[in-house]
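Heads up, the thing below is written out as structure tokens.
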Amino acid sequence: MLTGKTAVVTGGTRGIGFAIVKKFLENGANVAIAGSRQESVDKALAKLPEYAGRVMGIWPDLCSPEEVAAAFASVKEKFGSLDILANNAGISSRTSLYDYTVEEFSRIMDLNVKAVFVCSQAAARIMKAQGGGVIVNTSSMVGEYGQPSGCGYPTSKFAVNGLTRSLARELAKDNIRVNAVAPGVTRTDMVAALPQELVDRISAGIPLGRVGEPLDIANAYLYLSSDLASYVTGVTLRVDGAAMT
């Protein structure tokens, strides 16, 4: 579905991001894994020996326009294009408002919103010059419902939804589609570490009766990044089993 395409996946070293990387590779894309440190990127690359030559690693500061532009240029130089950007990097928090510091709030907003803006701008400049492309952002179910603590995280995802819709309208003329995927509770490292009793209790509140798997989210990314979604832009696709908080 993605043969001949090149993708950058931020936060691609583990969890949902790594599942997206594998799904893109399985479907013929060249992929650049963007991580926070060279060490984590190298570990992810070591798990993909069968795709040597079609996968590379980058580790820019995602909030630095200069570092991101240089890293994306290196991807285009290696593979010849940059067709898909998966803005997946992000951090969460459950801190109470009464204990929340400005510094913690800023860290959330920087990686979850500012980095999405910086990466989207850098990618869009390349995509416009080559005639088009696709940007897909990771939102969250709490971007619609909020959550009872850690207000910075849902606030950042509300912002991602707004940025997604705005960029979709702005970049359509340049043949760049912009969408988002809003996962529900997903079996990442954090959920996998929970007691099974708690996971069962969480699952009972989800109409489909289970938590999501990283592959569920990666499949949504594949669809939105492929030509099957050629007339889909400005959408935040919920992948949450019809869960509600």
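If you're wondering about the labels, chains in the structure tokens are A, B, ... by order shown, residues count from 1 in each chain, ligands from 1 in order shown.
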
* region 230-240 of chain A surroundings by only C-alpha atoms, 8 Å radius, close-in-sequence under 6 positions cut, as a PyMOL selection string -> chain A and resi 139-141+161+164-169+177-185+211-212+216-217+220+224

Output C-alpha atoms for every residue in the selection just made, as an mmCIF file, in the first residue's frame.
data_model
loop_
_atom_site.group_PDB
_atom_site.id
_atom_site.type_symbol
_atom_site.label_atom_id
_atom_site.label_comp_id
_atom_site.auth_asym_id
_atom_site.auth_seq_id
_atom_site.Cartn_x
_atom_site.Cartn_y
_atom_site.Cartn_z
ATOM 1 C CA SER A 139 -4.228 12.637 19.142
ATOM 2 C CA SER A 140 -6.074 10.828 21.963
ATOM 3 C CA MET A 141 -9.568 9.991 23.119
ATOM 4 C CA ASN A 161 -6.958 18.299 16.800
ATOM 5 C CA THR A 164 -4.828 19.011 12.251
ATOM 6 C CA ARG A 165 -8.030 20.620 10.982
ATOM 7 C CA SER A 166 -6.351 23.959 10.290
ATOM 8 C CA LEU A 167 -3.402 22.495 8.399
ATOM 9 C CA ALA A 168 -5.756 20.277 6.395
ATOM 10 C CA ARG A 169 -7.538 23.367 5.123
ATOM 11 C CA ARG A 177 -3.518 15.733 3.392
ATOM 12 C CA VAL A 178 -3.504 16.153 7.188
ATOM 13 C CA ASN A 179 -5.374 13.835 9.560
ATOM 14 C CA ALA A 180 -5.087 12.522 13.116
ATOM 15 C CA VAL A 181 -5.623 9.218 14.902
ATOM 16 C CA ALA A 182 -7.109 9.328 18.413
ATOM 17 C CA PRO A 183 -6.258 6.100 20.264
ATOM 18 C CA GLY A 184 -8.173 4.901 23.272
ATOM 19 C CA VAL A 185 -6.607 2.759 25.996
ATOM 20 C CA VAL A 211 -8.076 -2.577 25.238
ATOM 21 C CA GLY A 212 -6.520 -1.643 21.939
ATOM 22 C CA ASP A 216 -4.919 -1.397 15.832
ATOM 23 C CA ILE A 217 -3.499 2.111 15.839
ATOM 24 C CA ALA A 220 -5.386 3.357 11.126
ATOM 25 C CA LEU A 224 -4.797 7.419 6.393
#

* DSSP strand (DSSP E or B) selection over region 61-233 of chain A, as a list of chain:residue names ->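 Result set for region 61-233 of chain A (strand (DSSP E or B)): A:Ile84, A:Leu85, A:Ala86, A:Asn87, A:Gly133, A:Val134, A:Ile135, A:Val136, A:Asn137, A:Thr138, A:Ile176, A:Arg177, A:Val178, A:Asn179, A:Ala180, A:Val181, A:Ala182, A:Pro183, A:Thr186, A:Gly212.
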
* Write out as an MDAnalysis selection string each polymer residue whose atoms come within 7 Å of region 113-125 of chain A, counting only C-alpha atoms; drop sequence neighbours fewer than 4 positions from it. => chainID A and resid 62:63 65 68:69 85 87 109 129 156 159:160

* Just the alpha helix (DSSP H) stuff from region 29-242 of chain A, please, per backbone DSSP, written as a PyMOL selection string. => chain A and resi 38-46+65-79+102-109+115-130+142-145+152-171+189-192+196-204+214-225

* To do: Mind checking which residues fall within 7 Å of Gly57 (chain A), counting only C-alpha atoms, ignoring those fewer than 5 positions away in the same chain, and posting them as a list of chain:residue names?
  =>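 So the residues in contact are A:Ala32, A:Ile33, A:Ala34, A:Val41.
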
Residues as selected, all heavy atoms, written as an mmCIF file, in the first residue's frame, can you do that?
data_model
loop_
_atom_site.group_PDB
_atom_site.id
_atom_site.type_symbol
_atom_site.label_atom_id
_atom_site.label_comp_id
_atom_site.auth_asym_id
_atom_site.auth_seq_id
_atom_site.Cartn_x
_atom_site.Cartn_y
_atom_site.Cartn_z
ATOM 1 N N ALA A 32 12.110 6.370 8.200
ATOM 2 C CA ALA A 32 13.081 6.960 9.113
ATOM 3 C C ALA A 32 12.466 6.976 10.502
ATOM 4 O O ALA A 32 11.402 7.578 10.712
ATOM 5 C CB ALA A 32 13.447 8.379 8.686
ATOM 6 N N ILE A 33 13.122 6.290 11.427
ATOM 7 C CA ILE A 33 12.671 6.261 12.819
ATOM 8 C C ILE A 33 13.272 7.453 13.546
ATOM 9 O O ILE A 33 14.497 7.577 13.639
ATOM 10 C CB ILE A 33 13.109 4.967 13.516
ATOM 11 C CG1 ILE A 33 12.537 3.730 12.811
ATOM 12 C CG2 ILE A 33 12.698 4.977 14.978
ATOM 13 C CD1 ILE A 33 13.049 2.421 13.381
ATOM 14 N N ALA A 34 12.416 8.315 14.077
ATOM 15 C CA ALA A 34 12.880 9.465 14.857
ATOM 16 C C ALA A 34 12.679 9.176 16.340
ATOM 17 O O ALA A 34 11.560 8.888 16.772
ATOM 18 C CB ALA A 34 12.121 10.730 14.461
ATOM 19 N N VAL A 41 17.156 4.789 19.261
ATOM 20 C CA VAL A 41 16.954 4.571 17.826
ATOM 21 C C VAL A 41 17.723 3.337 17.361
ATOM 22 O O VAL A 41 17.206 2.495 16.614
ATOM 23 C CB VAL A 41 17.382 5.814 17.028
ATOM 24 C CG1 VAL A 41 17.377 5.518 15.526
ATOM 25 C CG2 VAL A 41 16.447 6.988 17.323
#

* To do: Could you tell me how far CA of Tyr221 (chain A) lies from CA of Leu2 (chain A), in Å and to one decimal?
  => 11.4 Å

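Of note, CA of Thr138 (chain A) and CA of Asn88 (chain A) are spaced 5.0 Å apart.
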
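For the pair CA of Leu82 (chain A) and CA of Ala7 (chain A), the interatomic distance is 6.1 Å.
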
* Asked: From the set A:Met1, A:Val191, A:Leu48, A:Met127, which residue has the shortest atom-to-atom contact distance to Ala172 (chain A), counting only C-alpha atoms?
  ->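 Closest candidate: A:Met127.
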
* **Selection near Asp189 (chain A), 12 Å with only C-alpha atoms, sequence-local residues under 5 positions removed, as a ChimeraX atom specification** => /A:14-16,18,194,213-214

* Using only C-alpha atoms, which of A:Gln130, A:Arg210, A:Ala29, A:Gly152 sits nearest Glu104 (chain A)? -> A:Gly152

* Select, from A:Ser149, A:Asn112, A:Asn219, A:Ser225, the residue with the minimum atom-to-atom distance to Val134 (chain A), counting only C-alpha atoms. =>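 The closest residue to Val134 (chain A) is A:Ser225.
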
* Pick the closest to Tyr153 (chain A) from A:Ile202, A:Leu111, A:Ala192, A:Leu171: which is it, counting only C-alpha atoms? -> A:Leu111
